[in-house]
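Chemist: Below is the file final-v5.cif, with mmCIF, C-alpha atoms.
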data_entry
loop_
_atom_site.label_atom_id
_atom_site.label_comp_id
_atom_site.auth_asym_id
_atom_site.auth_seq_id
_atom_site.Cartn_x
_atom_site.Cartn_y
_atom_site.Cartn_z
CA MET A 145 2.78 -23.13 -34.33
CA GLU A 146 1.15 -19.69 -34.20
CA ARG A 147 3.03 -17.18 -32.02
CA ALA A 148 1.35 -16.26 -28.72
CA PRO A 149 0.02 -12.67 -28.67
CA ARG A 150 2.27 -10.34 -26.68
CA ILE A 151 1.10 -7.66 -24.25
CA SER A 152 3.11 -4.90 -22.62
CA PHE A 153 1.85 -3.54 -19.31
CA THR A 154 2.38 -0.27 -17.38
CA SER A 155 1.03 -0.12 -13.81
CA LEU A 156 0.89 3.25 -12.05
CA GLY A 157 -0.32 4.36 -8.63
CA CYS A 158 -0.74 2.62 -5.30
CA PRO A 159 -0.38 -1.04 -4.25
CA LYS A 160 -4.15 -1.43 -4.63
CA ALA A 161 -3.77 -0.65 -8.36
CA LEU A 162 -0.83 -3.07 -8.52
CA VAL A 163 -3.12 -5.84 -7.24
CA ASP A 164 -5.61 -4.95 -10.01
CA SER A 165 -2.76 -5.24 -12.54
CA GLU A 166 -1.72 -8.63 -11.15
CA ARG A 167 -5.29 -9.91 -11.53
CA ILE A 168 -5.53 -8.75 -15.15
CA ILE A 169 -2.13 -10.24 -16.01
CA THR A 170 -2.99 -13.54 -14.30
CA ARG A 171 -6.18 -13.83 -16.38
CA LEU A 172 -4.36 -12.95 -19.62
CA ARG A 173 -1.49 -15.38 -18.96
CA ALA A 174 -4.07 -18.10 -18.24
CA GLU A 175 -5.48 -17.45 -21.72
CA GLY A 176 -2.08 -17.86 -23.36
CA TYR A 177 -1.00 -14.23 -23.76
CA GLU A 178 2.68 -13.48 -23.21
CA LEU A 179 4.12 -10.43 -21.48
CA ALA A 180 6.50 -8.22 -23.43
CA ARG A 181 9.15 -6.17 -21.63
CA LYS A 182 8.89 -3.25 -24.07
CA HIS A 183 5.95 -1.52 -25.75
CA ASP A 184 7.88 -1.67 -28.99
CA GLY A 185 7.73 -5.43 -29.55
CA ALA A 186 4.24 -5.93 -28.12
CA ASP A 187 1.00 -6.46 -30.05
CA ILE A 188 -0.89 -4.28 -27.57
CA VAL A 189 -0.24 -2.12 -24.46
CA ILE A 190 -2.35 -1.89 -21.30
CA VAL A 191 -1.86 1.18 -19.08
CA ASN A 192 -3.32 0.98 -15.55
CA THR A 193 -3.69 4.64 -14.55
CA CYS A 194 -3.81 6.60 -11.29
CA GLY A 195 -6.21 9.54 -11.05
CA PHE A 196 -5.88 10.61 -7.42
CA LEU A 197 -3.90 13.87 -7.83
CA ASP A 198 -3.31 16.18 -10.77
CA SER A 199 0.37 15.17 -10.78
CA ALA A 200 -0.68 11.49 -10.93
CA LYS A 201 -3.05 12.25 -13.82
CA GLN A 202 -0.20 13.96 -15.69
CA GLU A 203 2.01 10.90 -15.11
CA SER A 204 -0.81 8.68 -16.41
CA LEU A 205 -1.34 10.84 -19.52
CA SER A 206 2.40 10.81 -20.15
CA ALA A 207 2.49 6.98 -19.86
CA ILE A 208 -0.44 6.71 -22.31
CA GLY A 209 1.38 9.10 -24.69
CA ASP A 210 4.57 6.99 -24.51
CA ALA A 211 2.57 3.82 -25.23
CA MET A 212 0.78 5.49 -28.17
CA ALA A 213 4.08 6.73 -29.60
CA GLU A 214 5.94 3.43 -29.18
CA ASN A 215 3.11 1.07 -30.06
CA GLY A 216 -0.15 2.75 -31.09
CA LYS A 217 -2.51 0.04 -29.80
CA VAL A 218 -3.36 1.05 -26.24
CA ILE A 219 -6.01 -0.05 -23.71
CA VAL A 220 -6.44 2.22 -20.68
CA THR A 221 -7.85 1.14 -17.31
CA GLY A 222 -7.64 2.24 -13.66
CA CYS A 223 -8.72 5.22 -11.59
CA MET A 224 -8.27 7.86 -14.27
CA GLY A 225 -10.45 5.76 -16.56
CA ALA A 226 -13.43 6.46 -14.26
CA GLU A 227 -13.53 9.97 -15.80
CA PRO A 228 -12.40 9.28 -19.37
CA GLU A 229 -12.94 12.72 -20.96
CA GLN A 230 -9.37 13.95 -20.36
CA ILE A 231 -7.88 10.78 -21.86
CA GLU A 232 -10.27 10.85 -24.84
CA SER A 233 -9.44 14.47 -25.67
CA ALA A 234 -5.66 13.93 -25.37
CA TYR A 235 -5.54 10.54 -27.11
CA PRO A 236 -8.68 9.89 -29.19
CA GLY A 237 -7.00 6.82 -30.74
CA VAL A 238 -6.90 4.64 -27.61
CA LEU A 239 -8.75 1.37 -28.13
CA SER A 240 -10.67 1.28 -24.84
CA ILE A 241 -10.98 3.16 -21.53
CA THR A 242 -12.35 1.52 -18.37
CA GLY A 243 -12.38 2.41 -14.67
CA PRO A 244 -10.77 0.58 -11.73
CA GLN A 245 -11.56 -3.09 -10.99
CA GLN A 246 -13.28 -3.55 -14.37
CA TYR A 247 -11.27 -6.67 -15.17
CA GLU A 248 -13.87 -8.20 -17.49
CA SER A 249 -14.05 -5.02 -19.60
CA VAL A 250 -10.26 -4.96 -19.95
CA LEU A 251 -10.22 -8.62 -21.03
CA GLU A 252 -13.04 -7.99 -23.53
CA ALA A 253 -11.09 -5.06 -25.01
CA VAL A 254 -7.98 -7.27 -25.32
CA HIS A 255 -10.00 -10.08 -26.95
CA ARG A 256 -11.52 -7.63 -29.47
CA ALA A 257 -8.16 -6.17 -30.46
CA LEU A 258 -6.06 -9.32 -30.08
CA PRO A 259 -7.91 -12.66 -29.91
CA PRO A 260 -6.15 -15.31 -27.79
CA VAL A 261 -4.36 -18.26 -29.36
CA HIS A 262 -5.16 -21.39 -27.40
CA ASN A 263 -2.14 -23.54 -26.63
CA PRO A 264 -2.17 -25.97 -23.68
CA HIS A 265 1.57 -25.45 -23.13
CA LEU A 266 1.16 -21.68 -22.87
CA ASP A 267 -2.00 -21.70 -20.77
CA LEU A 268 -0.37 -23.07 -17.63
CA VAL A 269 -0.29 -20.46 -14.87
CA PRO A 270 0.94 -21.01 -11.30
CA PRO A 271 -2.07 -21.37 -8.99
CA GLN A 272 -1.10 -18.27 -6.96
CA GLY A 273 -1.34 -16.12 -10.11
CA ILE A 274 1.16 -13.76 -11.71
CA LYS A 275 2.78 -11.32 -9.28
CA LEU A 276 4.40 -8.00 -10.10
CA THR A 277 6.06 -7.82 -6.68
CA PRO A 278 9.15 -9.92 -5.79
CA ARG A 279 8.39 -13.56 -5.00
CA HIS A 280 8.82 -13.25 -1.23
CA TYR A 281 6.16 -10.62 -0.49
CA ALA A 282 2.68 -9.89 -1.79
CA TYR A 283 -0.13 -7.39 -1.37
CA LEU A 284 -3.38 -8.94 -0.19
CA LYS A 285 -6.35 -6.74 -1.05
CA ILE A 286 -9.28 -7.45 1.28
CA SER A 287 -11.84 -4.93 0.01
CA GLU A 288 -12.54 -2.32 -2.64
CA GLY A 289 -13.88 1.22 -2.25
CA CYS A 290 -14.39 3.36 0.84
CA ASN A 291 -17.28 4.65 2.98
CA ASN A 292 -15.37 7.66 4.32
CA ARG A 293 -15.90 11.07 2.74
CA CYS A 294 -12.64 12.90 3.38
CA SER A 295 -12.97 16.32 1.75
CA PHE A 296 -9.63 16.09 -0.12
CA CYS A 297 -10.32 12.68 -1.67
CA ILE A 298 -12.32 11.39 -4.65
CA ILE A 299 -11.58 7.68 -4.18
CA PRO A 300 -15.23 6.81 -3.30
CA LYS A 301 -16.23 8.58 -6.53
CA LEU A 302 -13.63 6.59 -8.49
CA ARG A 303 -13.89 3.22 -6.72
CA GLY A 304 -17.31 3.36 -5.02
CA ASP A 305 -18.33 2.46 -1.47
CA LEU A 306 -16.72 -0.31 0.58
CA VAL A 307 -17.13 -3.82 -0.85
CA SER A 308 -15.40 -6.46 1.29
CA ARG A 309 -14.36 -9.93 0.15
CA PRO A 310 -15.69 -12.88 2.19
CA ALA A 311 -13.14 -13.97 4.81
CA ASN A 312 -12.65 -17.44 3.29
CA ASP A 313 -11.96 -15.90 -0.14
CA VAL A 314 -9.17 -13.75 1.33
CA LEU A 315 -7.78 -16.66 3.35
CA ARG A 316 -7.73 -19.00 0.32
CA GLU A 317 -5.71 -16.42 -1.64
CA ALA A 318 -3.35 -15.87 1.30
CA GLU A 319 -2.82 -19.63 1.72
CA ARG A 320 -2.02 -20.02 -2.00
CA LEU A 321 0.50 -17.19 -1.81
CA VAL A 322 2.24 -18.65 1.25
CA LYS A 323 2.38 -22.09 -0.40
CA ALA A 324 4.00 -20.42 -3.42
CA GLY A 325 6.83 -19.07 -1.23
CA VAL A 326 5.52 -15.67 -0.10
CA LYS A 327 7.01 -14.82 3.32
CA GLU A 328 5.22 -11.50 3.92
CA LEU A 329 1.60 -10.50 3.32
CA MET A 330 0.78 -6.78 3.12
CA VAL A 331 -2.92 -6.46 3.99
CA ILE A 332 -4.34 -3.52 2.04
CA SER A 333 -7.54 -1.80 0.99
CA GLN A 334 -8.78 1.78 0.90
CA ASP A 335 -9.80 1.41 4.57
CA THR A 336 -8.46 -1.86 5.96
CA SER A 337 -9.98 -1.63 9.45
CA ALA A 338 -13.51 -1.09 8.03
CA TYR A 339 -13.29 -4.58 6.55
CA GLY A 340 -16.56 -6.50 6.68
CA VAL A 341 -18.89 -3.70 7.79
CA ASP A 342 -20.77 -3.94 4.46
CA LEU A 343 -21.13 -7.72 4.92
CA LYS A 344 -22.42 -7.18 8.47
CA TYR A 345 -19.35 -9.24 9.48
CA ALA A 346 -20.90 -12.37 7.94
CA GLU A 347 -19.24 -15.72 8.69
CA SER A 348 -17.87 -17.94 5.94
CA PRO A 349 -16.54 -21.52 6.23
CA TRP A 350 -12.76 -21.88 6.46
CA GLN A 351 -11.13 -25.27 7.09
CA ASP A 352 -13.01 -26.73 10.08
CA ARG A 353 -14.54 -23.49 11.35
CA ALA A 354 -16.51 -20.36 10.46
CA VAL A 355 -14.63 -17.06 10.28
CA ARG A 356 -16.30 -13.67 10.58
CA ALA A 357 -15.51 -10.98 8.00
CA LYS A 358 -14.09 -8.75 10.72
CA PHE A 359 -10.72 -6.97 10.89
CA TYR A 360 -9.62 -8.75 14.10
CA ASP A 361 -10.85 -12.22 13.06
CA LEU A 362 -9.25 -12.00 9.62
CA ALA A 363 -5.92 -10.74 11.02
CA LYS A 364 -5.91 -13.60 13.58
CA GLU A 365 -6.52 -16.24 10.88
CA LEU A 366 -3.89 -14.74 8.55
CA GLY A 367 -1.46 -14.94 11.47
CA GLU A 368 -1.84 -18.75 11.48
CA LEU A 369 -0.41 -19.15 7.96
CA GLY A 370 3.25 -18.79 8.95
CA ALA A 371 4.05 -15.56 7.07
CA TRP A 372 4.68 -12.02 8.29
CA VAL A 373 1.35 -10.14 8.25
CA ARG A 374 1.63 -6.36 7.85
CA LEU A 375 -1.46 -4.15 8.30
CA GLN A 376 -1.58 -1.08 6.07
CA TYR A 377 -4.05 1.81 5.49
CA VAL A 378 -5.71 1.33 8.88
CA TYR A 379 -8.30 3.96 9.82
CA PRO A 380 -8.07 4.47 13.63
CA TYR A 381 -11.46 3.04 14.67
CA PRO A 382 -11.78 2.01 18.36
CA HIS A 383 -11.63 -1.73 17.49
CA VAL A 384 -8.04 -1.29 16.20
CA ASP A 385 -7.04 -1.48 19.89
CA GLU A 386 -7.87 -5.24 19.83
CA ILE A 387 -5.15 -5.90 17.23
CA ILE A 388 -2.33 -4.98 19.63
CA GLY A 389 -2.86 -8.27 21.48
CA LEU A 390 -2.29 -10.19 18.22
CA MET A 391 1.02 -8.33 17.83
CA ASN A 392 2.16 -9.44 21.26
CA GLU A 393 1.24 -13.03 20.38
CA GLY A 394 3.37 -12.78 17.22
CA LYS A 395 0.34 -13.34 14.96
CA VAL A 396 0.75 -10.05 13.08
CA LEU A 397 3.74 -7.71 12.83
CA PRO A 398 4.01 -4.96 15.46
CA TYR A 399 3.37 -2.38 12.75
CA LEU A 400 0.41 -0.10 12.05
CA ASP A 401 0.09 2.17 9.05
CA ILE A 402 -2.50 4.81 10.07
CA PRO A 403 -2.93 7.88 7.84
CA PHE A 404 -3.61 10.51 10.54
CA GLN A 405 -3.30 13.33 7.90
CA HIS A 406 -3.07 16.20 10.47
CA ALA A 407 -3.21 17.02 14.19
CA SER A 408 -5.10 20.32 14.37
CA PRO A 409 -8.78 19.62 15.22
CA GLU A 410 -9.87 22.52 12.97
CA VAL A 411 -7.94 21.22 9.95
CA LEU A 412 -9.13 17.66 10.61
CA ARG A 413 -12.75 18.84 10.75
CA ALA A 414 -12.26 20.62 7.41
CA MET A 415 -10.76 17.37 6.07
CA LYS A 416 -13.76 15.44 7.48
CA ARG A 417 -11.34 13.22 9.43
CA PRO A 418 -11.55 12.08 13.12
CA ALA A 419 -10.56 15.23 15.05
CA ALA A 420 -9.94 14.02 18.64
CA GLN A 421 -6.14 13.94 18.40
CA GLU A 422 -5.66 14.29 22.18
CA LYS A 423 -7.53 11.02 22.54
CA THR A 424 -5.37 9.55 19.76
CA LEU A 425 -2.19 10.43 21.69
CA GLY A 426 -3.61 8.52 24.66
CA ARG A 427 -4.32 5.51 22.48
CA ILE A 428 -0.81 5.57 20.96
CA LYS A 429 0.66 5.67 24.48
CA ALA A 430 -1.52 2.72 25.54
CA TRP A 431 -0.58 0.75 22.39
CA ARG A 432 3.12 1.26 23.08
CA GLU A 433 2.77 0.32 26.74
CA GLN A 434 1.08 -2.91 25.66
CA CYS A 435 3.46 -3.55 22.73
CA PRO A 436 6.80 -1.72 23.19
CA ASP A 437 8.06 -2.89 19.76
CA LEU A 438 5.17 -1.24 17.90
CA THR A 439 6.15 0.79 14.83
CA LEU A 440 3.76 3.49 13.67
CA ARG A 441 3.76 4.72 10.09
CA SER A 442 1.56 7.60 9.01
CA THR A 443 0.92 10.13 6.27
CA PHE A 444 0.23 13.83 6.69
CA ILE A 445 -0.89 16.66 4.44
CA VAL A 446 0.57 20.16 4.77
CA GLY A 447 -0.86 23.28 3.13
CA PHE A 448 -4.50 22.16 3.32
CA PRO A 449 -6.82 25.12 2.56
CA GLY A 450 -7.15 27.28 5.68
CA GLU A 451 -4.10 25.76 7.45
CA THR A 452 -2.51 28.58 9.48
CA ASP A 453 0.93 28.83 11.05
CA SER A 454 -0.59 27.94 14.43
CA HIS A 455 -2.34 24.86 12.94
CA PHE A 456 1.02 23.77 11.53
CA THR A 457 2.74 24.33 14.88
CA GLU A 458 0.06 22.11 16.47
CA LEU A 459 1.00 19.39 13.99
CA LEU A 460 4.73 19.66 14.79
CA ASP A 461 4.05 19.57 18.55
CA TRP A 462 1.71 16.57 18.15
CA LEU A 463 4.34 14.73 16.10
CA GLU A 464 6.95 15.32 18.78
CA GLU A 465 4.65 13.78 21.37
CA ALA A 466 3.34 10.91 19.21
CA GLU A 467 6.86 9.98 18.01
CA ILE A 468 5.67 8.53 14.71
CA ASP A 469 8.40 6.13 13.51
CA ARG A 470 7.84 6.39 9.76
CA LEU A 471 6.22 9.29 7.97
CA GLY A 472 5.13 10.28 4.49
CA CYS A 473 4.18 13.91 3.87
CA PHE A 474 2.26 15.40 0.94
CA LYS A 475 1.84 19.02 -0.08
CA TYR A 476 -1.88 19.53 -0.59
CA GLU A 477 -2.98 19.44 -4.22
CA PRO A 478 -6.52 20.27 -5.28
CA VAL A 479 -8.20 17.26 -6.89
CA ALA A 480 -10.93 17.84 -9.47
CA GLY A 481 -14.28 17.00 -7.89
CA ALA A 482 -13.05 17.07 -4.24
CA PRO A 483 -15.15 19.14 -1.78
CA ALA A 484 -11.97 20.71 -0.30
CA ASN A 485 -11.66 22.81 -3.47
CA ALA A 486 -14.54 24.97 -2.24
CA ILE A 487 -12.92 25.82 1.11
CA GLY A 488 -10.91 28.83 -0.11
CA ASP A 489 -8.00 30.23 1.95
CA VAL A 490 -5.49 28.64 -0.40
CA VAL A 491 -2.01 28.21 1.10
CA PRO A 492 0.68 29.59 -1.28
CA ASP A 493 3.01 26.99 -2.84
CA GLU A 494 6.13 28.50 -1.22
CA VAL A 495 4.49 28.22 2.25
CA LYS A 496 3.53 24.59 1.52
CA GLN A 497 7.14 23.88 0.60
CA GLU A 498 8.47 25.58 3.77
CA ARG A 499 6.07 23.57 5.92
CA TRP A 500 6.96 20.34 4.12
CA ASN A 501 10.68 21.03 4.71
CA ALA A 502 10.09 21.84 8.39
CA LEU A 503 7.95 18.73 8.96
CA MET A 504 10.46 16.41 7.27
CA ALA A 505 13.37 17.95 9.21
CA ARG A 506 11.47 17.41 12.48
CA GLN A 507 10.58 13.85 11.47
CA GLN A 508 14.19 13.09 10.57
CA LYS A 509 15.20 13.87 14.17
CA ILE A 510 12.34 11.80 15.61
CA SER A 511 13.16 8.87 13.30
CA ALA A 512 16.89 9.02 14.15
CA ARG A 513 16.02 9.07 17.87
CA ARG A 514 13.65 6.08 17.56
CA LEU A 515 16.13 4.06 15.47
CA LYS A 516 19.04 4.75 17.82
CA ARG A 517 17.19 2.76 20.51
CA LYS A 518 17.55 -0.33 18.31
CA VAL A 519 21.36 -0.27 18.29
CA GLY A 520 22.60 -3.34 20.17
CA THR A 521 19.31 -5.23 19.71
CA ARG A 522 18.64 -8.29 17.58
CA GLN A 523 16.06 -7.93 14.83
CA GLN A 524 14.54 -10.33 12.34
CA VAL A 525 15.25 -9.11 8.80
CA ILE A 526 13.76 -10.25 5.48
CA ILE A 527 16.30 -9.98 2.62
CA ASP A 528 15.18 -7.97 -0.45
CA GLU A 529 18.47 -7.53 -2.37
CA VAL A 530 21.84 -9.25 -2.27
CA GLY A 531 25.04 -7.39 -3.18
CA PRO A 532 28.68 -8.54 -3.37
CA THR A 533 29.44 -7.51 0.24
CA VAL A 534 26.24 -6.05 1.73
CA ALA A 535 22.65 -7.28 1.62
CA LYS A 536 19.64 -4.98 1.88
CA GLY A 537 16.64 -6.10 3.89
CA ARG A 538 13.79 -4.89 6.07
CA SER A 539 12.95 -5.40 9.71
CA LYS A 540 9.42 -5.94 10.98
CA ALA A 541 9.27 -2.14 11.26
CA ASP A 542 9.73 -1.56 7.51
CA ALA A 543 7.22 -1.95 4.69
CA PRO A 544 8.72 -2.29 1.18
CA GLN A 545 9.41 0.86 -0.85
CA ILE A 546 8.00 3.34 1.70
CA ASP A 547 10.04 2.75 4.88
CA GLY A 548 13.70 2.35 5.76
CA ALA A 549 16.06 -0.57 5.20
CA VAL A 550 18.52 -2.72 7.14
CA TYR A 551 21.96 -3.12 5.53
CA LEU A 552 23.71 -6.34 6.57
CA THR A 553 27.04 -8.07 6.22
CA SER A 554 27.12 -11.85 6.53
CA ARG A 555 29.68 -14.66 6.79
CA ARG A 556 27.75 -16.74 4.29
CA PRO A 557 25.92 -15.67 1.11
CA LEU A 558 22.32 -14.62 1.70
CA LYS A 559 19.32 -15.38 -0.49
CA VAL A 560 16.51 -13.02 -1.48
CA GLY A 561 13.42 -13.81 0.61
CA GLU A 562 15.41 -15.37 3.46
CA ILE A 563 14.60 -14.22 7.02
CA VAL A 564 17.66 -13.86 9.26
CA THR A 565 18.44 -12.58 12.75
CA ALA A 566 20.63 -9.47 12.67
CA LYS A 567 22.61 -7.69 15.36
CA ILE A 568 22.10 -3.94 14.88
CA GLU A 569 25.36 -2.01 15.19
CA ARG A 570 24.54 1.43 13.83
CA ALA A 571 21.58 3.65 12.94
CA ASP A 572 21.18 6.79 10.86
CA GLN A 573 18.06 8.92 10.18
CA TYR A 574 16.10 6.25 8.33
CA ASP A 575 18.11 2.99 8.12
CA LEU A 576 19.82 0.42 10.31
CA HIS A 577 23.17 -1.32 9.75
CA GLY A 578 24.37 -4.59 11.25
CA THR A 579 25.62 -8.13 10.83
CA VAL A 580 23.82 -11.46 10.51
CA ALA A 581 23.86 -13.24 13.85
CA GLY A 582 21.63 -16.22 13.08
CA PHE A 583 19.64 -18.01 10.40
#
As structure tokens, please, write out the structure in this file.
Modeler:
Amino acid sequence: MERAPRISFTSLGCPKALVDSERIITRLRAEGYELARKHDGADIVIVNTCGFLDSAKQESLSAIGDAMAENGKVIVTGCMGAEPEQIESAYPGVLSITGPQQYESVLEAVHRALPPVHNPHLDLVPPQGIKLTPRHYAYLKISEGCNNRCSFCIIPKLRGDLVSRPANDVLREAERLVKAGVKELMVISQDTSAYGVDLKYAESPWQDRAVRAKFYDLAKELGELGAWVRLQYVYPYPHVDEIIGLMNEGKVLPYLDIPFQHASPEVLRAMKRPAAQEKTLGRIKAWREQCPDLTLRSTFIVGFPGETDSHFTELLDWLEEAEIDRLGCFKYEPVAGAPANAIGDVVPDEVKQERWNALMARQQKISARRLKRKVGTRQQVIIDEVGPTVAKGRSKADAPQIDGAVYLTSRRPLKVGEIVTAKIERADQYDLHGTVAGF
């Protein structure tokens, strides 16, 4: 019997790119291709690139270089592939370069370089597809592209304007994942709360009813599938307020990931972001009054062109009042093609670093304060890793890889993907520690 062709895969960038990788791999496995763990023993390598920041582009170029050196037959896709000149000049020998979401072009390039061998025993793929995340959680991408025009970002240029999936298409995928054992669905897109605006919120048939392609309606339906539903990359439109009720009903997790990016109205205007942060503080207060367990995650940028010391102080003061639970902070990097490059008033690198340090130190105190309130409470925890004496999991307040963890001891062995009740006994700056109190 002829050996199945083997493909090695490198996936860089955000969870949205990871979903693209999963789709490509699912299609290839369905055609009988095998995955190789190393570039060395593979017939071909696919590199899914990230092109958002210069540092990400360098990482992508380095990954392509490694694949060329170890294998020589390389297909490049992803965000950096939308502007292929840099890749072509560095590595003229790559077989093919395509942009993000161009699954068919990637498959065509693979077929040209490495035709599939049909074998009915190899062509069997689980109906939920091939996942690159652990079996118990999955990213559920509900749309592509973005209609916002933030001045620091080129994602609309790379991925185009918002294109939402019909509600029943998303729900079918979510149902398949849950049936395959997924316990947690991370709902993602470039702008999750804009979902359906391009479809004019059109209805589509699902089970015995019609479901609108609307953020609230989709979240409500996903909440009926029996898995944790975590909402990420949520732009703070007014209709986000409606979701808090679903959290109180236990339909979706009491967790919102909202990239506020800054607090100074002047900086936000320069970023072309919503600038009414006083109003936002009022909304956060109202959300927490309605849902006291709500966890807020956000990302911020320091050192944006024109950011002064007083702008930065505004950000620190706003953070103190907003009490963001989980925070990611980026030092501003100019991105080729982004309008922010023309602003001028560049903040020196050493000032960016000082501001980053100050923001993270402030956040550490806020996080420690917020977590301390959980000592003595009982929390549901999903288990990610099992060690000889301590298991590592996440509470409803923690998204994988970006938030904190809960470290647990247990009288009986725990299994990855299990959801347990834990008594929280101790907290530090970012993590909780406790014992399993129920299964």
Chemist: Take every atom of segment 564-583 of chain A listed in the file, pad by 4 Å on each side, and give me the axis-aligned box centre and edge lengths in Å, one decimal, as lines of an AutoDock Vina configuration file.
Modeler:
center_x = 20.9
center_y = -4.5
center_z = 11.7
size_x = 17.5
size_y = 34.9
size_z = 15.2
Chemist: What does the PyMOL selection byres ((chain A and resi 528) around 12) select in this file, as a count of residues only?
Modeler: 34
Chemist: In Å, with one decimal, what is the gap from atom CA of Pro557 of chain A to atom CA of Met330 of chain A?
Modeler: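 That distance, rounded to one decimal, is 26.7 Å.
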Chemist: Using atom CA of Ala466 of chain A and atom CA of Phe444 of chain A as the two end points, give the distance in Å to one decimal.
Modeler: 13.2 Å
Chemist: Do you have the atom CA of Lys285 of chain A-atom CA of Thr221 of chain A distance handy?
Modeler: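 Here the two named atoms are 18.1 Å from each other.
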Chemist: Can you give me, as a PyMOL selection string, the residues this file yields under the PyMOL selection byres ((chain A and resi 569) around 12)?
Modeler: chain A and resi 515-523+550-553+566-568+570-572+575-581
Chemist: Nearest to Leu251 of chain A: which of A:Arg320, A:Arg173, A:His183, A:Arg441 is it, counting only C-alpha atoms?
Modeler: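 Looking only at the distances to Leu251 of chain A, the closest residue turns out to be A:Arg173.
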Chemist: Which residues fall under the PyMOL selection byres ((chain A and resi 303-308) around 10) in this file, as a short mmCIF file (atom, residue, chain, number, x, y, z; two decimals) with C-alpha atoms, keeping the file's coordinate frame?
Modeler:
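Contents of expr-v6.cif, freshly written:
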data_model
loop_
_atom_site.label_atom_id
_atom_site.label_comp_id
_atom_site.auth_asym_id
_atom_site.auth_seq_id
_atom_site.Cartn_x
_atom_site.Cartn_y
_atom_site.Cartn_z
CA GLY A 222 -7.64 2.24 -13.66
CA CYS A 223 -8.72 5.22 -11.59
CA ALA A 226 -13.43 6.46 -14.26
CA GLY A 243 -12.38 2.41 -14.67
CA PRO A 244 -10.77 0.58 -11.73
CA GLN A 245 -11.56 -3.09 -10.99
CA LYS A 285 -6.35 -6.74 -1.05
CA ILE A 286 -9.28 -7.45 1.28
CA SER A 287 -11.84 -4.93 0.01
CA GLU A 288 -12.54 -2.32 -2.64
CA GLY A 289 -13.88 1.22 -2.25
CA CYS A 290 -14.39 3.36 0.84
CA ASN A 291 -17.28 4.65 2.98
CA ASN A 292 -15.37 7.66 4.32
CA ARG A 293 -15.90 11.07 2.74
CA ILE A 298 -12.32 11.39 -4.65
CA ILE A 299 -11.58 7.68 -4.18
CA PRO A 300 -15.23 6.81 -3.30
CA LYS A 301 -16.23 8.58 -6.53
CA LEU A 302 -13.63 6.59 -8.49
CA ARG A 309 -14.36 -9.93 0.15
CA PRO A 310 -15.69 -12.88 2.19
CA ALA A 311 -13.14 -13.97 4.81
CA VAL A 314 -9.17 -13.75 1.33
CA SER A 333 -7.54 -1.80 0.99
CA GLN A 334 -8.78 1.78 0.90
CA ASP A 335 -9.80 1.41 4.57
CA THR A 336 -8.46 -1.86 5.96
CA ALA A 338 -13.51 -1.09 8.03
CA TYR A 339 -13.29 -4.58 6.55
CA GLY A 340 -16.56 -6.50 6.68
CA VAL A 341 -18.89 -3.70 7.79
CA ASP A 342 -20.77 -3.94 4.46
CA LEU A 343 -21.13 -7.72 4.92
CA TYR A 345 -19.35 -9.24 9.48
CA ALA A 357 -15.51 -10.98 8.00
CA LYS A 358 -14.09 -8.75 10.72
#
Chemist: When distances are computed from all atoms listed in the file, which of A:Ala512, A:Val163, A:Leu369, A:Leu205 shows the smallest separation from Val220 of chain A?
Modeler: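 Of A:Ala512, A:Val163, A:Leu369, A:Leu205, the one nearest Val220 of chain A is A:Leu205, counting all atoms listed in the file.
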Chemist: Using all atoms listed in the file, collect all residues at a distance of at most 10 Å from (-5.8, 16.1, -10.0) as written in the file, then present them as a list in words.
Modeler: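 The answer, in the requested form, is Cys194, Gly195, Phe196, Leu197, Asp198, Ser199, Ala200, Lys201, Gln202, Met224, Ile298, Glu477, Pro478, Val479, Ala480, Gly481 and Ala482 of chain A.
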Chemist: Excluding Ala505 of chain A and any residue of its chain fewer than 2 positions from it, enumerate the residues within 12 Å of it, using all atoms listed in the file, and give them as a VMD selection string.
Modeler: chain A and resid 460 463 to 464 471 473 498 to 503 507 to 512 573
Chemist: Could you save the residues just selected, with C-alpha atoms, as a CSV table (one decimal), in the coordinates of the input?
Modeler:
chain,number,residue,atom,x,y,z
A,460,LEU,CA,4.7,19.7,14.8
A,463,LEU,CA,4.3,14.7,16.1
A,464,GLU,CA,7.0,15.3,18.8
A,471,LEU,CA,6.2,9.3,8.0
A,473,CYS,CA,4.2,13.9,3.9
A,498,GLU,CA,8.5,25.6,3.8
A,499,ARG,CA,6.1,23.6,5.9
A,500,TRP,CA,7.0,20.3,4.1
A,501,ASN,CA,10.7,21.0,4.7
A,502,ALA,CA,10.1,21.8,8.4
A,503,LEU,CA,8.0,18.7,9.0
A,507,GLN,CA,10.6,13.8,11.5
A,508,GLN,CA,14.2,13.1,10.6
A,509,LYS,CA,15.2,13.9,14.2
A,510,ILE,CA,12.3,11.8,15.6
A,511,SER,CA,13.2,8.9,13.3
A,512,ALA,CA,16.9,9.0,14.2
A,573,GLN,CA,18.1,8.9,10.2
Chemist: Env of Val331 of chain A: 6 Å cut, atoms = only C-alpha atoms, seq-sep filter 5 positions within chain, self excluded. Answer as a short mmCIF file (atom, residue, chain, number, x, y, z; two decimals) with C-alpha atoms, in the frame of the given file.
Modeler:
data_model
loop_
_atom_site.label_atom_id
_atom_site.label_comp_id
_atom_site.auth_asym_id
_atom_site.auth_seq_id
_atom_site.Cartn_x
_atom_site.Cartn_y
_atom_site.Cartn_z
CA LEU A 284 -3.38 -8.94 -0.19
CA ARG A 374 1.63 -6.36 7.85
CA LEU A 375 -1.46 -4.15 8.30
CA GLN A 376 -1.58 -1.08 6.07
#
